[in-house]
>>> print(open('final10.txt').read())   # compact mmCIF, C-alpha atoms and all ligand atoms
# COMPACT_ATOMS: atom_id res chain seq x y z
CA MET R 1 29.61 -146.76 29.00
CA THR R 2 33.39 -147.07 29.33
CA ALA R 3 35.82 -145.31 27.00
CA GLN R 4 36.72 -148.74 25.60
CA ASP R 5 33.05 -149.44 24.76
CA THR R 6 32.79 -146.03 23.14
CA GLN R 7 35.96 -146.23 21.06
CA LEU R 8 35.35 -149.61 19.39
CA ASP R 9 32.55 -150.52 16.99
CA GLN R 10 30.60 -153.80 17.08
CA TYR R 11 33.37 -155.52 15.08
CA GLY R 12 36.14 -154.40 17.48
CA ARG R 13 37.47 -151.78 15.06
CA LEU R 14 38.51 -148.30 16.18
CA LYS R 15 35.72 -145.73 15.89
CA HIS R 16 37.26 -143.13 18.20
CA PHE R 17 40.69 -143.10 19.86
CA LEU R 18 40.28 -142.29 23.54
CA THR R 19 42.45 -144.57 25.66
CA ILE R 20 45.05 -147.35 25.45
CA GLU R 21 43.49 -149.17 28.41
CA GLY R 22 41.87 -152.37 27.13
CA LEU R 23 43.29 -152.16 23.58
CA SER R 24 44.50 -155.51 22.30
CA ARG R 25 48.07 -156.27 21.28
CA ASP R 26 46.85 -156.98 17.73
CA LEU R 27 45.13 -153.63 17.41
CA LEU R 28 48.19 -151.79 18.73
CA LEU R 29 50.43 -153.67 16.29
CA GLU R 30 48.02 -152.89 13.46
CA ILE R 31 48.34 -149.15 14.24
CA LEU R 32 52.15 -149.45 14.36
CA ASP R 33 52.19 -151.27 11.01
CA HIS R 34 49.98 -148.68 9.35
CA ALA R 35 52.16 -145.91 10.83
CA GLU R 36 55.21 -147.60 9.34
CA SER R 37 53.61 -147.39 5.91
CA PHE R 38 53.06 -143.62 6.36
CA ALA R 39 56.59 -142.93 7.63
CA GLY R 40 57.96 -142.25 4.15
CA VAL R 41 55.31 -139.69 3.16
CA GLY R 42 57.17 -136.82 4.86
CA GLU R 43 60.27 -137.54 2.81
CA ARG R 44 58.49 -137.27 -0.56
CA ALA R 45 58.56 -134.15 -2.76
CA VAL R 46 54.75 -134.02 -2.45
CA LYS R 47 54.03 -134.83 1.18
CA LYS R 48 50.42 -135.88 0.71
CA VAL R 49 48.22 -138.92 0.25
CA PRO R 50 44.52 -138.51 -0.67
CA LEU R 51 42.98 -140.75 2.04
CA LEU R 52 41.01 -138.03 3.86
CA ARG R 53 40.38 -135.67 0.94
CA GLY R 54 37.13 -133.75 1.50
CA LYS R 55 37.09 -134.40 5.26
CA THR R 56 37.16 -131.59 7.83
CA ILE R 57 39.15 -132.08 11.03
CA VAL R 58 38.99 -129.71 14.01
CA ASN R 59 41.86 -129.36 16.49
CA LEU R 60 40.30 -128.28 19.82
CA PHE R 61 43.11 -127.48 22.23
CA PHE R 62 42.15 -126.13 25.66
CA GLU R 63 45.67 -126.60 27.07
CA PRO R 64 49.03 -125.45 25.65
CA SER R 65 50.75 -127.76 23.18
CA THR R 66 53.54 -127.60 20.63
CA ARG R 67 54.19 -131.17 19.49
CA THR R 68 50.75 -132.74 19.66
CA ARG R 69 48.81 -129.88 18.06
CA THR R 70 51.23 -129.29 15.20
CA THR R 71 51.80 -132.96 14.40
CA PHE R 72 48.04 -133.58 14.35
CA GLU R 73 47.66 -130.63 11.97
CA LEU R 74 50.49 -131.86 9.74
CA ALA R 75 49.17 -135.43 9.82
CA ALA R 76 45.68 -134.26 8.78
CA LYS R 77 47.10 -132.12 5.97
CA ARG R 78 49.29 -134.97 4.74
CA LEU R 79 46.12 -137.06 4.52
CA SER R 80 44.65 -134.20 2.40
CA ALA R 81 42.00 -133.20 4.99
CA ASP R 82 40.94 -129.61 5.70
CA VAL R 83 41.95 -128.49 9.20
CA LEU R 84 40.52 -125.93 11.63
CA ASN R 85 42.40 -124.93 14.79
CA LEU R 86 40.54 -123.64 17.83
CA ASN R 87 41.82 -123.03 21.34
CA SER R 88 40.50 -121.73 24.63
CA THR R 89 41.27 -118.10 23.75
CA THR R 90 40.00 -118.11 20.15
CA SER R 91 36.80 -120.08 20.77
CA SER R 92 33.55 -118.88 22.31
CA THR R 93 34.12 -121.11 25.35
CA SER R 94 36.05 -118.04 26.60
CA LYS R 95 32.65 -116.26 26.60
CA GLY R 96 31.00 -118.94 28.69
CA GLU R 97 29.82 -121.33 25.97
CA SER R 98 29.74 -124.95 27.16
CA LEU R 99 31.85 -127.63 25.51
CA GLN R 100 28.67 -129.40 24.42
CA ASP R 101 27.19 -126.28 22.77
CA MET R 102 30.50 -125.64 21.03
CA LEU R 103 30.47 -129.18 19.77
CA HIS R 104 26.93 -128.92 18.41
CA THR R 105 27.92 -125.66 16.67
CA LEU R 106 30.89 -127.32 14.97
CA GLN R 107 28.81 -130.36 14.03
CA ALA R 108 26.37 -127.99 12.30
CA MET R 109 29.30 -127.08 10.01
CA TYR R 110 29.61 -130.77 8.98
CA CYS R 111 32.98 -131.37 10.64
CA ASP R 112 34.08 -135.01 10.50
CA MET R 113 36.57 -135.33 13.35
CA PHE R 114 37.44 -133.59 16.62
CA ILE R 115 40.89 -133.83 18.16
CA ILE R 116 40.66 -132.65 21.73
CA ARG R 117 43.13 -131.72 24.43
CA HIS R 118 41.53 -130.68 27.69
CA GLY R 119 42.57 -130.23 31.32
CA ASN R 120 39.67 -132.36 32.57
CA SER R 121 40.12 -136.12 32.66
CA GLY R 122 37.35 -137.72 30.61
CA ALA R 123 36.73 -134.70 28.34
CA ALA R 124 37.35 -136.62 25.09
CA HIS R 125 35.15 -139.51 26.24
CA PHE R 126 32.42 -137.00 27.16
CA ILE R 127 32.53 -135.58 23.64
CA ALA R 128 32.78 -138.96 21.90
CA SER R 129 29.67 -140.20 23.69
CA ARG R 130 27.70 -137.15 22.47
CA VAL R 131 28.73 -136.67 18.84
CA SER R 132 26.70 -137.79 15.82
CA PRO R 133 27.35 -141.41 14.80
CA ASP R 134 29.43 -140.41 11.76
CA VAL R 135 31.73 -138.00 13.69
CA ARG R 136 35.03 -139.24 15.13
CA VAL R 137 36.97 -138.10 18.24
CA ILE R 138 40.64 -138.46 19.20
CA ASN R 139 41.95 -137.79 22.70
CA ALA R 140 45.04 -135.55 22.47
CA GLY R 141 45.53 -135.58 26.26
CA ASP R 142 42.91 -135.27 29.03
CA GLY R 143 43.94 -134.10 32.48
CA ARG R 144 46.24 -136.61 34.12
CA HIS R 145 44.23 -139.51 32.68
CA SER R 146 45.40 -140.44 29.21
CA HIS R 147 47.52 -139.39 26.21
CA PRO R 148 46.98 -142.38 23.94
CA THR R 149 48.56 -141.11 20.71
CA GLN R 150 51.74 -140.19 22.63
CA ALA R 151 51.90 -143.75 23.97
CA VAL R 152 51.51 -145.21 20.47
CA LEU R 153 54.22 -142.98 18.99
CA ASP R 154 56.48 -143.98 21.86
CA MET R 155 55.83 -147.67 21.15
CA PHE R 156 56.58 -146.98 17.48
CA THR R 157 59.88 -145.36 18.47
CA ILE R 158 60.79 -148.24 20.79
CA ARG R 159 59.96 -150.81 18.09
CA ARG R 160 62.19 -149.03 15.56
CA HIS R 161 65.17 -149.52 17.94
CA LYS R 162 64.21 -152.58 19.99
CA PRO R 163 61.53 -154.67 18.28
CA ASP R 164 61.48 -157.57 20.77
CA PHE R 165 59.04 -156.18 23.36
CA PRO R 166 58.94 -159.37 25.52
CA ARG R 167 62.67 -158.95 26.30
CA LEU R 168 62.66 -155.28 27.33
CA ARG R 169 63.29 -153.49 30.60
CA VAL R 170 61.63 -150.08 30.52
CA ALA R 171 62.05 -147.40 33.22
CA ILE R 172 59.63 -144.45 33.41
CA VAL R 173 61.27 -141.77 35.54
CA GLY R 174 59.92 -138.65 37.22
CA ASP R 175 56.54 -137.16 37.96
CA VAL R 176 54.45 -140.26 37.38
CA ALA R 177 51.69 -139.00 39.69
CA HIS R 178 50.65 -136.19 37.33
CA SER R 179 51.52 -137.89 34.05
CA ARG R 180 48.88 -139.01 31.55
CA VAL R 181 51.76 -140.20 29.36
CA ALA R 182 53.00 -142.61 32.05
CA ARG R 183 49.56 -144.18 32.48
CA SER R 184 49.03 -144.64 28.75
CA GLU R 185 52.54 -146.01 28.26
CA ILE R 186 52.16 -148.57 31.05
CA HIS R 187 48.98 -149.88 29.40
CA ALA R 188 50.68 -150.01 25.98
CA LEU R 189 53.86 -151.70 27.27
CA ARG R 190 51.80 -154.32 29.09
CA ALA R 191 49.64 -155.00 26.03
CA LEU R 192 52.80 -155.53 23.96
CA GLY R 193 54.20 -157.99 26.49
CA VAL R 194 57.01 -155.98 28.15
CA PRO R 195 57.81 -158.01 31.30
CA ASP R 196 59.83 -155.45 33.31
CA ILE R 197 58.20 -152.02 33.63
CA ARG R 198 59.59 -149.75 36.35
CA VAL R 199 58.39 -146.41 37.65
CA VAL R 200 61.11 -144.35 39.27
CA GLY R 201 60.79 -141.18 41.33
CA PRO R 202 60.44 -139.66 44.78
CA LYS R 203 57.62 -141.08 46.92
CA THR R 204 55.65 -137.83 46.59
CA LEU R 205 55.50 -138.23 42.78
CA ILE R 206 54.60 -141.92 42.56
CA PRO R 207 50.86 -142.66 43.01
CA ALA R 208 49.96 -145.04 45.83
CA GLY R 209 48.97 -148.47 44.56
CA ILE R 210 50.50 -148.08 41.09
CA GLU R 211 51.97 -151.61 41.49
CA SER R 212 48.46 -152.87 40.63
CA MET R 213 49.16 -151.73 37.04
CA GLY R 214 51.93 -154.35 36.82
CA VAL R 215 54.93 -152.10 37.47
CA THR R 216 57.75 -152.11 40.04
CA VAL R 217 58.41 -148.93 42.03
CA TYR R 218 61.92 -147.54 42.63
CA ASN R 219 62.56 -144.45 44.72
CA GLU R 220 66.20 -144.18 43.71
CA LEU R 221 67.35 -143.39 40.17
CA GLU R 222 70.39 -145.63 39.72
CA SER R 223 68.64 -148.80 40.88
CA GLY R 224 65.57 -147.93 38.77
CA ILE R 225 67.50 -147.53 35.50
CA ARG R 226 70.07 -150.30 36.06
CA ASP R 227 70.26 -152.52 32.93
CA ALA R 228 67.33 -150.65 31.36
CA ASP R 229 66.85 -150.92 27.58
CA VAL R 230 64.58 -147.89 27.46
CA ILE R 231 64.38 -144.88 29.80
CA VAL R 232 61.41 -142.52 29.53
CA MET R 233 62.04 -139.24 31.34
CA LEU R 234 59.06 -137.16 32.48
CA ARG R 235 58.73 -133.45 33.17
CA LEU R 236 57.74 -132.14 36.61
CA GLN R 237 54.15 -131.05 35.94
CA ARG R 238 54.05 -128.18 38.39
CA GLU R 239 50.82 -126.86 36.81
CA ARG R 240 49.06 -129.99 38.12
CA MET R 241 50.64 -130.01 41.60
CA ARG R 242 48.22 -128.69 44.20
CA SER R 243 50.95 -128.21 46.84
CA ALA R 244 54.76 -128.23 47.00
CA LEU R 245 55.72 -131.88 46.55
CA LEU R 246 59.42 -131.21 46.07
CA PRO R 247 62.10 -129.12 47.77
CA GLY R 248 63.15 -127.46 44.46
CA ALA R 249 64.35 -128.05 40.90
CA LYS R 250 68.05 -128.14 41.83
CA GLU R 251 67.54 -130.74 44.55
CA TYR R 252 65.35 -132.76 42.18
CA PHE R 253 68.07 -132.73 39.51
CA ASN R 254 70.64 -133.82 42.10
CA CYS R 255 68.57 -136.91 42.93
CA PHE R 256 66.65 -137.76 39.73
CA GLY R 257 68.17 -135.71 36.89
CA LEU R 258 69.52 -137.96 34.12
CA THR R 259 73.19 -137.29 33.35
CA ASN R 260 75.69 -139.22 31.24
CA ALA R 261 77.41 -140.42 34.42
CA ARG R 262 74.17 -141.90 35.74
CA LEU R 263 73.25 -143.37 32.36
CA ARG R 264 76.26 -145.71 32.60
CA VAL R 265 74.33 -148.16 34.80
CA ALA R 266 71.78 -148.72 32.00
CA ARG R 267 72.46 -150.98 29.02
CA GLU R 268 75.08 -149.68 26.63
CA ASP R 269 72.50 -149.44 23.83
CA VAL R 270 69.80 -147.85 26.02
CA ILE R 271 67.52 -145.33 24.33
CA VAL R 272 66.44 -142.20 26.21
CA MET R 273 62.96 -140.88 25.50
CA HIS R 274 60.97 -137.88 26.65
CA PRO R 275 57.46 -136.88 25.50
CA GLY R 276 58.43 -133.21 25.85
CA PRO R 277 58.44 -130.43 26.61
CA ILE R 278 61.82 -131.05 28.24
CA ASN R 279 63.15 -129.00 31.13
CA ARG R 280 66.94 -129.07 30.78
CA GLY R 281 68.76 -129.16 34.10
CA VAL R 282 65.63 -130.30 35.96
CA GLU R 283 64.83 -133.87 34.86
CA ILE R 284 67.47 -134.23 32.14
CA ASP R 285 70.92 -132.85 31.44
CA SER R 286 71.57 -131.31 28.01
CA GLU R 287 74.41 -133.79 27.42
CA VAL R 288 71.81 -136.60 27.57
CA ALA R 289 68.96 -134.78 25.79
CA ASP R 290 71.25 -133.96 22.85
CA GLY R 291 73.42 -137.08 23.15
CA ALA R 292 73.82 -140.26 21.13
CA ARG R 293 71.33 -142.27 23.20
CA SER R 294 68.53 -139.68 22.88
CA VAL R 295 65.63 -140.41 20.50
CA ILE R 296 63.57 -137.42 21.64
CA LEU R 297 63.37 -135.72 18.24
CA GLN R 298 62.66 -139.04 16.52
CA GLN R 299 59.61 -139.29 18.79
CA VAL R 300 58.38 -135.97 17.40
CA SER R 301 58.80 -137.11 13.77
CA HIS R 302 57.08 -140.42 14.48
CA GLY R 303 54.13 -138.51 15.93
CA ILE R 304 53.13 -137.49 12.40
CA SER R 305 52.98 -140.98 10.88
CA VAL R 306 51.35 -142.50 13.96
CA ARG R 307 48.65 -139.80 13.98
CA MET R 308 48.12 -140.25 10.24
CA ALA R 309 47.55 -143.97 10.84
CA ILE R 310 45.09 -143.41 13.69
CA MET R 311 43.11 -140.76 11.80
CA ALA R 312 42.91 -142.90 8.67
CA MET R 313 41.91 -145.99 10.65
CA ILE R 314 39.08 -144.35 12.58
CA MET R 315 37.72 -142.84 9.35
CA GLY R 316 37.64 -146.35 7.88
CA SER R 317 40.08 -145.37 5.14
CA LEU R 318 42.46 -148.30 5.65
CA ALA R 319 41.73 -151.98 5.25
CA PRO R 320 41.71 -153.68 8.69
CA GLY R 321 44.60 -156.06 9.38
CA ARG R 322 48.30 -156.00 10.05
CA GLU R 323 49.42 -155.03 6.53
CA ALA R 324 49.06 -151.34 5.65
CA GLY R 325 47.90 -150.49 2.15
N1 LIG W 1 54.13 -134.56 24.39
C1 LIG W 1 53.25 -133.57 24.36
O1 LIG W 1 52.06 -133.76 24.60
O2 LIG W 1 53.78 -132.34 24.06
P1 LIG W 1 52.94 -131.02 23.80
O3 LIG W 1 52.38 -130.59 25.12
O4 LIG W 1 53.93 -130.02 23.23
O5 LIG W 1 51.84 -131.35 22.84
>>> encode(input="final10.txt", output="structure tokens", more="lines below")
Ligand code: CP
Amino acid sequence: MTAQDTQLDQYGRLKHFLTIEGLSRDLLLEILDHAESFAGVGERAVKKVPLLRGKTIVNLFFEPSTRTRTTFELAAKRLSADVLNLNSTTSSTSKGESLQDMLHTLQAMYCDMFIIRHGNSGAAHFIASRVSPDVRVINAGDGRHSHPTQAVLDMFTIRRHKPDFPRLRVAIVGDVAHSRVARSEIHALRALGVPDIRVVGPKTLIPAGIESMGVTVYNELESGIRDADVIVMLRLQRERMRSALLPGAKEYFNCFGLTNARLRVAREDVIVMHPGPINRGVEIDSEVADGARSVILQQVSHGISVRMAIMAMIMGSLAPGREAG
């Protein structure tokens, strides 16, 4: 069974959230619309809505995370759910327990949803295909395969600034080879009708055959970001590189680091995005990361409302359709 078969119910509604691949434009827009309706909750005096009151959500993070873990926790709490946080050092997997046994143990405590980040591609799908029918699973990043909630929050951020997806030029720059974010974003951008999607980086960091995903490859920064409306910068994921694929961080910055001078070839109203964590002076200069074109911290804020929408949708707490309640 594919992840797409596993994540949708018989009516095409989200049951789990595992991958962007195969999601329809309408379903993506429905998530964005629901997220828009949650965006104001964080600005209220009481930052809570009762949609998931009485539900128990478990954050299972087997890889480091700042943004994703904390925004999932905040999103769950703002939906009034109870939240447990487990990681590879605080769980009994560090004593040799299998993921499946851990899962059965947590299910015996009547948990309603698992949010999983794992170094192995397919981990969230593995869990989703083994949980009880009433338990829900969200992929918070699996290996280099997929980071679907990051892609949705990035689409939400793009839509806030540039709502006309079929007119956009989007450049994804950096270590595409090891990036689950890049893969998920390409699927999302294509589903939303973006006609010009570019991947930009040295040959060693661009996967062979990626053109089959509907993107154009550039091995030189200036030509890749020329006239771009959106630039997504990616971190060098050295923890996933099996051998030295680059001469060094300084040389990389000299060729592919985004500076204000280089940004001038993009559109004047370009937005600069980065899923984080950022490495200043490696893929991005501080003057860009902290500059007027950067929407990096907006991405973080949007992560809360997007994750609230996805959690509420898969729990069946929102009416299906484009208008959020
Ligand atoms: N974007 C992202 O996944 O960041 P974290 O690793 O901090 O969660």
>>> residues_around(input="final10.txt", residues="Asp26 in chain R", least_positions_apart="2", cutoff="12 Å", atoms="all atoms listed in the file", output="MDAnalysis selection string")
chainID R and resid 12:13 22:24 28:33 188 191:193 320:323
>>> residues_around(input="final10.txt", residues="range 181-184 of chain R", least_positions_apart="5", cutoff="8 Å", atoms="only C-alpha atoms", output="JSON, numbers by chain")
{"R": [19, 20, 21, 145, 146, 147, 148, 150, 151, 172, 176, 275]}
>>> closest_atom_pairs(input="final10.txt", of="chain R", to="ligand LIG 1 (chain W)", cutoff="7 Å", atoms="all atoms listed in the file", output="Markdown table")
| residue | atom | partner | partner_atom | distance |
| --- | --- | --- | --- | --- |
| R:Pro64 | CA | W:LIG1 | O3 | 6.2 |
| R:Ser65 | CA | W:LIG1 | O5 | 3.8 |
| R:Thr66 | CA | W:LIG1 | O4 | 3.6 |
| R:Arg67 | CA | W:LIG1 | O4 | 3.9 |
| R:Thr68 | CA | W:LIG1 | O5 | 3.6 |
| R:Arg69 | CA | W:LIG1 | O5 | 5.8 |
| R:Gly141 | CA | W:LIG1 | O1 | 7.0 |
| R:Gln150 | CA | W:LIG1 | N1 | 6.4 |
| R:Pro275 | CA | W:LIG1 | N1 | 4.2 |
| R:Gly276 | CA | W:LIG1 | N1 | 4.7 |
| R:Pro277 | CA | W:LIG1 | O2 | 5.6 |
>>> axis_aligned_box(input="final10.txt", around="range 133-146 of chain R", padding_each_side="3 Å", output="lines of an AutoDock Vina configuration file")
center_x = 36.8
center_y = -137.8
center_z = 22.9
size_x = 24.9
size_y = 13.3
size_z = 28.4
>>> closest_residue(input="final10.txt", among="R:Leu27, R:Leu205, R:Ile158, R:Ala35", to="Val270 in chain R", atoms="all atoms listed in the file")
R:Ile158
>>> atom_distance(input="final10.txt", atom1="CA of Val170 in chain R", atom2="CA of Val194 in chain R")
7.9 Å
>>> atom_distance(input="final10.txt", atom1="CA of Leu86 in chain R", atom2="CA of Ile138 in chain R")
14.9 Å
>>> closest_residue(input="final10.txt", among="R:Ala39, R:Met213, R:Leu18, R:Ala3", to="Ala140 in chain R", atoms="only C-alpha atoms")
R:Leu18
>>> closest_atom_pairs(input="final10.txt", of="range 126-145 of chain R", to="range 52-61 of chain R", cutoff="12 Å", atoms="all atoms listed in the file", output="CSV")
residue,atom,partner,partner_atom,distance
R:Ile127,CA,R:Leu60,CA,11.3
R:Asp134,CA,R:Lys55,CA,11.7
R:Val135,CA,R:Ile57,CA,9.9
R:Arg136,CA,R:Ile57,CA,9.2
R:Val137,CA,R:Val58,CA,9.6
R:Ile138,CA,R:Asn59,CA,9.6
R:Asn139,CA,R:Leu60,CA,10.1
R:Ala140,CA,R:Phe61,CA,8.3
R:Gly141,CA,R:Phe61,CA,9.4
R:Asp142,CA,R:Phe61,CA,10.3
>>> atom_distance(input="final10.txt", atom1="CA of Ala292 in chain R", atom2="CA of Asp269 in chain R")
9.7 Å
>>> residues_around(input="final10.txt", residues="Gly257 in chain R", least_positions_apart="2", cutoff="10 Å", atoms="all atoms listed in the file", output="list in words")
Val173, Gly174, Leu221, Met233, Ala249, Lys250, Glu251, Tyr252, Phe253, Asn254, Cys255, Thr259, Arg262, Arg280, Gly281, Val282, Glu283, Ile284 and Asp285 of chain R
>>> residues_around(input="final10.txt", residues="Phe38 in chain R", least_positions_apart="2", cutoff="10 Å", atoms="all atoms listed in the file", output="VMD selection string")
chain R and resid 32 to 36 40 to 42 48 to 49 75 78 to 79 302 304 to 309 324 to 325
>>> residues_near_point(input="final10.txt", point="(29.3, -136.7, 21.4)", cutoff="12 Å", atoms="only C-alpha atoms", output="ChimeraX atom specification")
/R:6-7,16,99-104,106-107,113-114,123-138
>>> closest_residue(input="final10.txt", among="R:Asp9, R:Asp175, R:Asp164, R:Glu63", to="Asn219 in chain R", atoms="only C-alpha atoms")
R:Asp175
